[in-house]
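> I am attaching a structure below and will ask some questions about it afterwards.
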Amino acid sequence: MALPSWDDVQPLSLDTAPVPAYGTGSLADLLPTLVALQGVDGFTPTIPELAPADRNCVFLIDGLGWEQLKAHPAEAPFLASLLQSSRGGTGRPLTAGFPATTATSLASVGTGLPPGAHGLPGYTVRDPATGELMNQLRWNPWTDPYAWQPYPTVFQQAHAAGVHTAQVSAPHFEHTPLTKVALSGGSFRGRLSGEDRMDLAAQQLAAGDRSLVYTYYAEVDGKGHRFGVDSDAWRGQLMYVDRLAQRLAEQLPPRSALYVTADHGMIDIPFDEQSRIDFDEDWELRAGVALLGGEGRARHVYAVPGAENDVLTVWREVLGEQFWVASRDEAIAAGWFGPHIDQRVYERLGDVIAAAHDDAAIIATEREPNESALVGMHGSMTPVEQLVPLLEVRS
């Protein structure tokens, strides 16, 4: 079957991409708002719906998007009962930021900066110093974390201002580069079980007159990737994390606020050729491409020097009805990565950036066999990926 001609294709207008609410209601705005309301100088409360609390705890559930939670009240009765509390009682979600992926979102949470500033703008991006793809979740190949992300975290600044600050997570995260550049400051307390993390988070919250505590749970995301968000395994994890959140809420010390949020949502991608477009099998998409970065639903495409415009044209022609396809400068101008881009971050972004609109992904079965086999995926700007809860419990 012949491909449609350029005249037949109507690529998605970039104006229709739902850009994250940087500066008013994104993950990057959460901690700056909380510590500003705790009296830490240098921060502004940019989520106006939130009220002050002396002790703030953020419980981040990896992969639990707003739409998934709303769709599963039976599995998560406690969390679902809090939906109307989201975002200061407005019943509205936050946006994750682009791309909606863990490394990017955790850096946005911890630094209080959008991706264009903190510089972790994708799952894998090109390191301009080496020309290699750098995996920002696994930090491979190694690069100096503090050169890659030089800004202090909100935790560090709050700790310096006298706020009792702690992170409570799995022990193996303590010394990872991502933790160092995104979530460090105060003390790190490693606990293996979810129950132990909830108990210790409550204890740490009570340890100061002003406290900022962060805790994290990963396996909702893990089961979603492996089995999909419509699987019994995923539902089981949702049931478990619902009990964890209730356990923590029931232990809040006085003058506390608990915020339950997430780094992104997730969508199951059908296993067919129309939904899973294999870069490694598509000569048109490969033409002129030196490196394929990002992930299936949020691709950074690095062109051979001089081929940038040709790659953009072809990707728009082939994918433009399923993906928002932008040049680097177009994506920056549209605000995909935030209101401004640090110079050190500019060339980390793809020459072409493709963000999924439909239930589709650009896989790469030879280059990325593990990622290409995932059932659940995320990364783009659709509501199912972008919208995350900010559920609130106060004592």
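We label chains A, B, ... in the order they appear in the structure tokens, count residues from 1 in each chain, and number ligands from 1 in the order shown.
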I'd like the contact shell of Asp359 in chain A - 10 Å cut-off, only C-alpha atoms, skipping same-chain residues fewer than 6 positions apart - returned as a PDB file with all heavy atoms, in the first residue's frame.

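Just written: result18.pdb:
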ATOM      1  N   ILE A 267      -0.342   4.593  29.539  1.00  0.00           N
ATOM      2  CA  ILE A 267      -1.311   4.108  28.567  1.00  0.00           C
ATOM      3  C   ILE A 267      -0.798   2.796  27.983  1.00  0.00           C
ATOM      4  O   ILE A 267       0.397   2.633  27.746  1.00  0.00           O
ATOM      5  CB  ILE A 267      -1.536   5.155  27.454  1.00  0.00           C
ATOM      6  CG1 ILE A 267      -2.636   4.721  26.503  1.00  0.00           C
ATOM      7  CG2 ILE A 267      -0.239   5.473  26.707  1.00  0.00           C
ATOM      8  CD1 ILE A 267      -3.053   5.811  25.529  1.00  0.00           C
ATOM      9  N   ASP A 268      -1.696   1.838  27.772  1.00  0.00           N
ATOM     10  CA  ASP A 268      -1.337   0.581  27.134  1.00  0.00           C
ATOM     11  C   ASP A 268      -1.353   0.761  25.613  1.00  0.00           C
ATOM     12  O   ASP A 268      -2.310   1.311  25.062  1.00  0.00           O
ATOM     13  CB  ASP A 268      -2.317  -0.522  27.519  1.00  0.00           C
ATOM     14  CG  ASP A 268      -2.235  -0.907  28.984  1.00  0.00           C
ATOM     15  OD1 ASP A 268      -1.286  -0.461  29.660  1.00  0.00           O
ATOM     16  OD2 ASP A 268      -3.119  -1.655  29.450  1.00  0.00           O
ATOM     17  N   ILE A 269      -0.291   0.308  24.970  1.00  0.00           N
ATOM     18  CA  ILE A 269      -0.160   0.446  23.521  1.00  0.00           C
ATOM     19  C   ILE A 269      -0.434  -0.895  22.851  1.00  0.00           C
ATOM     20  O   ILE A 269       0.222  -1.895  23.162  1.00  0.00           O
ATOM     21  CB  ILE A 269       1.250   0.942  23.141  1.00  0.00           C
ATOM     22  CG1 ILE A 269       1.566   2.256  23.850  1.00  0.00           C
ATOM     23  CG2 ILE A 269       1.359   1.111  21.620  1.00  0.00           C
ATOM     24  CD1 ILE A 269       0.608   3.390  23.555  1.00  0.00           C
ATOM     25  N   PRO A 270      -1.415  -0.952  21.931  1.00  0.00           N
ATOM     26  CA  PRO A 270      -1.727  -2.228  21.270  1.00  0.00           C
ATOM     27  C   PRO A 270      -0.521  -2.790  20.518  1.00  0.00           C
ATOM     28  O   PRO A 270       0.343  -2.046  20.030  1.00  0.00           O
ATOM     29  CB  PRO A 270      -2.853  -1.849  20.295  1.00  0.00           C
ATOM     30  CG  PRO A 270      -3.447  -0.591  20.858  1.00  0.00           C
ATOM     31  CD  PRO A 270      -2.316   0.134  21.509  1.00  0.00           C
ATOM     32  N   GLN A 274       0.234  -0.575  13.310  1.00  0.00           N
ATOM     33  CA  GLN A 274      -0.221   0.806  13.265  1.00  0.00           C
ATOM     34  C   GLN A 274       0.066   1.521  14.584  1.00  0.00           C
ATOM     35  O   GLN A 274       0.318   2.724  14.612  1.00  0.00           O
ATOM     36  CB  GLN A 274      -1.729   0.862  12.977  1.00  0.00           C
ATOM     37  CG  GLN A 274      -2.122   0.437  11.579  1.00  0.00           C
ATOM     38  CD  GLN A 274      -2.018  -1.063  11.368  1.00  0.00           C
ATOM     39  OE1 GLN A 274      -2.304  -1.850  12.279  1.00  0.00           O
ATOM     40  NE2 GLN A 274      -1.592  -1.464  10.172  1.00  0.00           N
ATOM     41  N   SER A 275       0.033   0.784  15.683  1.00  0.00           N
ATOM     42  CA  SER A 275       0.233   1.379  16.996  1.00  0.00           C
ATOM     43  C   SER A 275       1.697   1.362  17.431  1.00  0.00           C
ATOM     44  O   SER A 275       2.121   2.245  18.182  1.00  0.00           O
ATOM     45  CB  SER A 275      -0.606   0.637  18.039  1.00  0.00           C
ATOM     46  OG  SER A 275      -1.966   0.627  17.680  1.00  0.00           O
ATOM     47  N   ARG A 276       2.443   0.374  17.009  1.00  0.00           N
ATOM     48  CA  ARG A 276       3.853   0.251  17.356  1.00  0.00           C
ATOM     49  C   ARG A 276       4.673   0.375  16.071  1.00  0.00           C
ATOM     50  O   ARG A 276       4.850  -0.595  15.336  1.00  0.00           O
ATOM     51  CB  ARG A 276       4.120  -1.070  18.073  1.00  0.00           C
ATOM     52  CG  ARG A 276       3.490  -1.116  19.455  1.00  0.00           C
ATOM     53  CD  ARG A 276       3.655  -2.448  20.161  1.00  0.00           C
ATOM     54  NE  ARG A 276       3.040  -2.375  21.480  1.00  0.00           N
ATOM     55  CZ  ARG A 276       3.717  -2.303  22.626  1.00  0.00           C
ATOM     56  NH1 ARG A 276       5.043  -2.325  22.611  1.00  0.00           N
ATOM     57  NH2 ARG A 276       3.073  -2.216  23.776  1.00  0.00           N
ATOM     58  N   ARG A 297       6.894   7.206  23.268  1.00  0.00           N
ATOM     59  CA  ARG A 297       5.865   8.217  23.085  1.00  0.00           C
ATOM     60  C   ARG A 297       6.399   9.642  23.174  1.00  0.00           C
ATOM     61  O   ARG A 297       5.624  10.600  23.102  1.00  0.00           O
ATOM     62  CB  ARG A 297       4.738   7.999  24.096  1.00  0.00           C
ATOM     63  CG  ARG A 297       3.937   6.735  23.775  1.00  0.00           C
ATOM     64  CD  ARG A 297       2.768   6.519  24.699  1.00  0.00           C
ATOM     65  NE  ARG A 297       1.821   7.611  24.745  1.00  0.00           N
ATOM     66  CZ  ARG A 297       0.875   7.854  23.832  1.00  0.00           C
ATOM     67  NH1 ARG A 297       0.772   7.077  22.752  1.00  0.00           N
ATOM     68  NH2 ARG A 297       0.037   8.860  23.986  1.00  0.00           N
ATOM     69  N   GLN A 322      -0.445  11.111  13.769  1.00  0.00           N
ATOM     70  CA  GLN A 322      -0.465  10.399  15.041  1.00  0.00           C
ATOM     71  C   GLN A 322       0.373  11.083  16.121  1.00  0.00           C
ATOM     72  O   GLN A 322       0.159  10.835  17.306  1.00  0.00           O
ATOM     73  CB  GLN A 322       0.065   8.975  14.862  1.00  0.00           C
ATOM     74  CG  GLN A 322      -0.803   8.053  14.033  1.00  0.00           C
ATOM     75  CD  GLN A 322      -0.156   6.693  13.870  1.00  0.00           C
ATOM     76  OE1 GLN A 322       0.776   6.524  13.089  1.00  0.00           O
ATOM     77  NE2 GLN A 322      -0.624   5.725  14.641  1.00  0.00           N
ATOM     78  N   PHE A 323       1.308  11.921  15.702  1.00  0.00           N
ATOM     79  CA  PHE A 323       2.254  12.556  16.619  1.00  0.00           C
ATOM     80  C   PHE A 323       2.317  14.051  16.341  1.00  0.00           C
ATOM     81  O   PHE A 323       2.186  14.488  15.201  1.00  0.00           O
ATOM     82  CB  PHE A 323       3.667  11.983  16.429  1.00  0.00           C
ATOM     83  CG  PHE A 323       3.869  10.597  16.968  1.00  0.00           C
ATOM     84  CD1 PHE A 323       3.340   9.493  16.317  1.00  0.00           C
ATOM     85  CD2 PHE A 323       4.610  10.387  18.120  1.00  0.00           C
ATOM     86  CE1 PHE A 323       3.528   8.214  16.800  1.00  0.00           C
ATOM     87  CE2 PHE A 323       4.812   9.108  18.614  1.00  0.00           C
ATOM     88  CZ  PHE A 323       4.266   8.025  17.958  1.00  0.00           C
ATOM     89  N   MET A 377       3.113   2.400  28.448  1.00  0.00           N
ATOM     90  CA  MET A 377       4.116   3.404  28.100  1.00  0.00           C
ATOM     91  C   MET A 377       3.621   4.781  28.531  1.00  0.00           C
ATOM     92  O   MET A 377       2.454   4.969  28.897  1.00  0.00           O
ATOM     93  CB  MET A 377       4.420   3.390  26.606  1.00  0.00           C
ATOM     94  CG  MET A 377       5.017   2.093  26.107  1.00  0.00           C
ATOM     95  SD  MET A 377       5.521   2.218  24.352  1.00  0.00           S
ATOM     96  CE  MET A 377       6.091   0.543  24.059  1.00  0.00           C
ATOM     97  N   THR A 382      -0.531  13.871  26.302  1.00  0.00           N
ATOM     98  CA  THR A 382      -1.955  13.565  26.388  1.00  0.00           C
ATOM     99  C   THR A 382      -2.394  13.554  27.853  1.00  0.00           C
ATOM    100  O   THR A 382      -1.584  13.306  28.751  1.00  0.00           O
ATOM    101  CB  THR A 382      -2.266  12.203  25.748  1.00  0.00           C
ATOM    102  OG1 THR A 382      -1.665  11.166  26.540  1.00  0.00           O
ATOM    103  CG2 THR A 382      -1.745  12.135  24.325  1.00  0.00           C
TER     104      THR A 382
END
> Residues of range 207-310 of chain A within 12 Å of range 21-42 of chain A: nearest atom pair and distance (Å, one decimal) for each, counting only C-alpha atoms, sorted by chain and number, as JSON lines?

{"residue": "A:Asp209", "atom": "CA", "partner": "A:Gln38", "partner_atom": "CA", "distance": 10.4}
{"residue": "A:Arg210", "atom": "CA", "partner": "A:Gln38", "partner_atom": "CA", "distance": 7.2}
{"residue": "A:Ser211", "atom": "CA", "partner": "A:Gln38", "partner_atom": "CA", "distance": 8.8}
{"residue": "A:Leu212", "atom": "CA", "partner": "A:Val35", "partner_atom": "CA", "distance": 8.0}
{"residue": "A:Val213", "atom": "CA", "partner": "A:Leu31", "partner_atom": "CA", "distance": 10.5}
{"residue": "A:Tyr214", "atom": "CA", "partner": "A:Leu31", "partner_atom": "CA", "distance": 10.1}
{"residue": "A:Arg255", "atom": "CA", "partner": "A:Gln38", "partner_atom": "CA", "distance": 11.6}
{"residue": "A:Ser256", "atom": "CA", "partner": "A:Gln38", "partner_atom": "CA", "distance": 11.4}
{"residue": "A:Ala257", "atom": "CA", "partner": "A:Leu34", "partner_atom": "CA", "distance": 9.7}
{"residue": "A:Leu258", "atom": "CA", "partner": "A:Leu34", "partner_atom": "CA", "distance": 11.0}
{"residue": "A:Tyr259", "atom": "CA", "partner": "A:Leu30", "partner_atom": "CA", "distance": 9.6}
{"residue": "A:Val260", "atom": "CA", "partner": "A:Leu30", "partner_atom": "CA", "distance": 11.3}
{"residue": "A:Thr261", "atom": "CA", "partner": "A:Leu27", "partner_atom": "CA", "distance": 8.8}
{"residue": "A:Ala262", "atom": "CA", "partner": "A:Leu27", "partner_atom": "CA", "distance": 8.7}
{"residue": "A:Asp263", "atom": "CA", "partner": "A:Leu27", "partner_atom": "CA", "distance": 7.8}
{"residue": "A:His264", "atom": "CA", "partner": "A:Leu27", "partner_atom": "CA", "distance": 9.8}
> Can you spit out the residues from that selection as a CSV table (one decimal), in the first residue's frame, using C-alpha atoms?

chain,number,residue,atom,x,y,z
A,209,ASP,CA,8.7,22.1,64.0
A,210,ARG,CA,8.9,22.7,60.3
A,211,SER,CA,9.4,19.6,58.2
A,212,LEU,CA,9.6,18.6,54.5
A,213,VAL,CA,9.5,14.8,53.9
A,214,TYR,CA,9.5,13.0,50.6
A,255,ARG,CA,0.0,20.7,61.8
A,256,SER,CA,0.8,18.4,58.9
A,257,ALA,CA,-0.2,18.2,55.3
A,258,LEU,CA,0.2,15.0,53.2
A,259,TYR,CA,0.2,15.4,49.4
A,260,VAL,CA,-0.1,12.2,47.3
A,261,THR,CA,1.0,12.7,43.7
A,262,ALA,CA,2.7,11.0,40.8
A,263,ASP,CA,5.3,11.5,38.2
A,264,HIS,CA,3.2,10.6,35.1
> List as a PyMOL selection string the protein and nucleic acid residues near range 225-230 of chain A, meaning an atom at most 9 Å away when only C-alpha atoms are counted, but skip any in the same chain fewer than 4 places from it.
chain A and resi 68+220-221+234-235+266-269+371+373-377
> Find, counting only C-alpha atoms, the residue in A:Glu368, A:Glu330, A:Glu132, A:Glu392 that gets nearest to Leu14 in chain A.
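So, comparing all the options, the nearest one is A:Glu330.
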> Might you pull out every residue within 10 Å of Leu69 in chain A, with only C-alpha atoms counted and same-chain residues fewer than 5 positions away left off, and present them as a count of residues only?
12
> Check range 51-227 of chain A with DSSP on the backbone and list each residue it calls strand (DSSP E), as number ranges by chain.
A: 55-61, 94-95, 124-126, 133-135, 164-169, 187-190, 211-217
> Atoms to include: C-alpha atoms. Write the selected residues as a PDB file, in the first residue's frame.

ATOM      1  CA  ARG A  55       4.974  19.988  58.207  1.00  0.00           C
ATOM      2  CA  ASN A  56       4.660  18.841  54.606  1.00  0.00           C
ATOM      3  CA  CYS A  57       4.984  15.290  53.284  1.00  0.00           C
ATOM      4  CA  VAL A  58       4.990  14.415  49.574  1.00  0.00           C
ATOM      5  CA  PHE A  59       4.239  10.779  48.742  1.00  0.00           C
ATOM      6  CA  LEU A  60       5.032  10.188  45.068  1.00  0.00           C
ATOM      7  CA  ILE A  61       3.546   7.045  43.521  1.00  0.00           C
ATOM      8  CA  LEU A  94      -1.432  18.975  38.183  1.00  0.00           C
ATOM      9  CA  THR A  95       0.511  18.450  34.973  1.00  0.00           C
ATOM     10  CA  THR A 124      17.632   9.274  26.890  1.00  0.00           C
ATOM     11  CA  VAL A 125      19.139  12.418  25.366  1.00  0.00           C
ATOM     12  CA  ARG A 126      22.327  13.277  23.547  1.00  0.00           C
ATOM     13  CA  LEU A 133      22.984   9.031  24.159  1.00  0.00           C
ATOM     14  CA  MET A 134      22.816   9.418  27.941  1.00  0.00           C
ATOM     15  CA  ASN A 135      20.199   7.484  29.921  1.00  0.00           C
ATOM     16  CA  HIS A 164      13.859  19.409  58.930  1.00  0.00           C
ATOM     17  CA  THR A 165      14.223  17.640  55.594  1.00  0.00           C
ATOM     18  CA  ALA A 166      14.282  13.932  54.781  1.00  0.00           C
ATOM     19  CA  GLN A 167      13.791  11.482  51.930  1.00  0.00           C
ATOM     20  CA  VAL A 168      12.426   8.012  52.741  1.00  0.00           C
ATOM     21  CA  SER A 169      12.802   5.531  49.907  1.00  0.00           C
ATOM     22  CA  SER A 187      18.900  13.063  55.397  1.00  0.00           C
ATOM     23  CA  PHE A 188      18.164   9.973  53.329  1.00  0.00           C
ATOM     24  CA  ARG A 189      16.445   7.116  55.168  1.00  0.00           C
ATOM     25  CA  GLY A 190      16.336   3.817  53.314  1.00  0.00           C
ATOM     26  CA  SER A 211       9.432  19.579  58.172  1.00  0.00           C
ATOM     27  CA  LEU A 212       9.634  18.599  54.513  1.00  0.00           C
ATOM     28  CA  VAL A 213       9.538  14.841  53.906  1.00  0.00           C
ATOM     29  CA  TYR A 214       9.480  12.955  50.602  1.00  0.00           C
ATOM     30  CA  THR A 215       8.668   9.294  50.166  1.00  0.00           C
ATOM     31  CA  TYR A 216       8.284   7.168  47.048  1.00  0.00           C
ATOM     32  CA  TYR A 217       6.829   3.906  45.758  1.00  0.00           C
TER      33      TYR A 217
END
> Would you mind listing what lies within 7 Å of Thr365 in chain A as a list of chain:residue names, with only C-alpha atoms counted and same-chain residues fewer than 4 positions away left out?
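Those residues are A:Asp278, A:Asp280, A:Pro369, A:Ser372.
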> Could you turn the residues from that selection into a file that holds all heavy atoms, as a short mmCIF file (atom, residue, chain, number, x, y, z; two decimals), in the first residue's frame?

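And here is the file that came out, selection-v4.cif:
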data_model
loop_
_atom_site.label_atom_id
_atom_site.label_comp_id
_atom_site.auth_asym_id
_atom_site.auth_seq_id
_atom_site.Cartn_x
_atom_site.Cartn_y
_atom_site.Cartn_z
N ASP A 278 7.91 0.66 14.15
CA ASP A 278 9.26 0.19 14.43
C ASP A 278 10.29 1.00 13.63
O ASP A 278 10.44 0.80 12.43
CB ASP A 278 9.39 -1.29 14.12
CG ASP A 278 10.66 -1.91 14.69
OD1 ASP A 278 11.57 -1.15 15.10
OD2 ASP A 278 10.74 -3.15 14.73
N ASP A 280 13.42 0.74 13.61
CA ASP A 280 14.48 -0.11 13.05
C ASP A 280 14.05 -0.81 11.78
O ASP A 280 14.90 -1.33 11.05
CB ASP A 280 14.93 -1.14 14.09
CG ASP A 280 15.72 -0.51 15.22
OD1 ASP A 280 16.38 0.51 14.98
OD2 ASP A 280 15.67 -1.04 16.35
N PRO A 369 15.31 -3.39 22.63
CA PRO A 369 14.41 -4.55 22.69
C PRO A 369 13.56 -4.60 23.95
O PRO A 369 12.38 -4.97 23.89
CB PRO A 369 15.37 -5.74 22.61
CG PRO A 369 16.71 -5.21 23.02
CD PRO A 369 16.73 -3.79 22.57
N SER A 372 10.92 -1.77 23.86
CA SER A 372 9.95 -2.00 22.79
C SER A 372 8.91 -3.05 23.16
O SER A 372 7.84 -3.10 22.55
CB SER A 372 10.68 -2.42 21.52
OG SER A 372 11.53 -1.39 21.06
#
> DSSP on the backbone, helix (DSSP H, G or I) only: what residues of range 120-214 of chain A does that give? Format it as number ranges by chain.
A: 145-148, 154-160, 171-173, 177-182, 194-205
> Within 8 Å of Leu192 in chain A, counting only C-alpha atoms, which residues show up once you throw out same-chain ones fewer than 3 positions away? Write them as a list of chain:residue names, please.
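That gives A:Ser169, A:Ala170, A:Pro171, A:Asp196, A:Arg197.
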> Choose the residue, out of A:Thr44, A:Thr102, A:Ser13, A:Asn370, that has the smallest atom-to-atom separation from Leu178 in chain A; count only C-alpha atoms.
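Among the listed residues, A:Thr102 lies closest to Leu178 in chain A.
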> I want to know what sits within 12 Å of Asp310 in chain A, based on only C-alpha atoms, with residues of the same chain fewer than 3 positions away left out; could you give that as a ChimeraX atom specification?
/A:284-289,302-307,313-317,327,351-352
> Those same residues, written as an mmCIF file, in the first residue's frame with C-alpha atoms?

data_model
loop_
_atom_site.group_PDB
_atom_site.id
_atom_site.type_symbol
_atom_site.label_atom_id
_atom_site.label_comp_id
_atom_site.auth_asym_id
_atom_site.auth_seq_id
_atom_site.Cartn_x
_atom_site.Cartn_y
_atom_site.Cartn_z
ATOM 1 C CA GLU A 284 12.043 6.459 5.784
ATOM 2 C CA LEU A 285 12.188 7.282 9.490
ATOM 3 C CA ARG A 286 15.827 6.143 9.703
ATOM 4 C CA ALA A 287 17.009 8.263 6.779
ATOM 5 C CA GLY A 288 19.297 11.055 7.961
ATOM 6 C CA VAL A 289 18.996 10.083 11.647
ATOM 7 C CA TYR A 302 19.178 13.682 16.306
ATOM 8 C CA ALA A 303 19.860 14.236 12.632
ATOM 9 C CA VAL A 304 23.063 13.828 10.668
ATOM 10 C CA PRO A 305 24.478 17.378 10.331
ATOM 11 C CA GLY A 306 22.776 19.074 7.414
ATOM 12 C CA ALA A 307 19.817 16.685 7.342
ATOM 13 C CA THR A 313 9.783 16.878 6.764
ATOM 14 C CA VAL A 314 9.791 13.086 6.545
ATOM 15 C CA TRP A 315 8.795 12.532 10.157
ATOM 16 C CA ARG A 316 5.893 14.954 9.729
ATOM 17 C CA GLU A 317 4.813 13.228 6.541
ATOM 18 C CA SER A 327 11.749 21.021 15.341
ATOM 19 C CA ASP A 351 16.706 18.274 16.265
ATOM 20 C CA VAL A 352 13.223 16.811 15.808
#
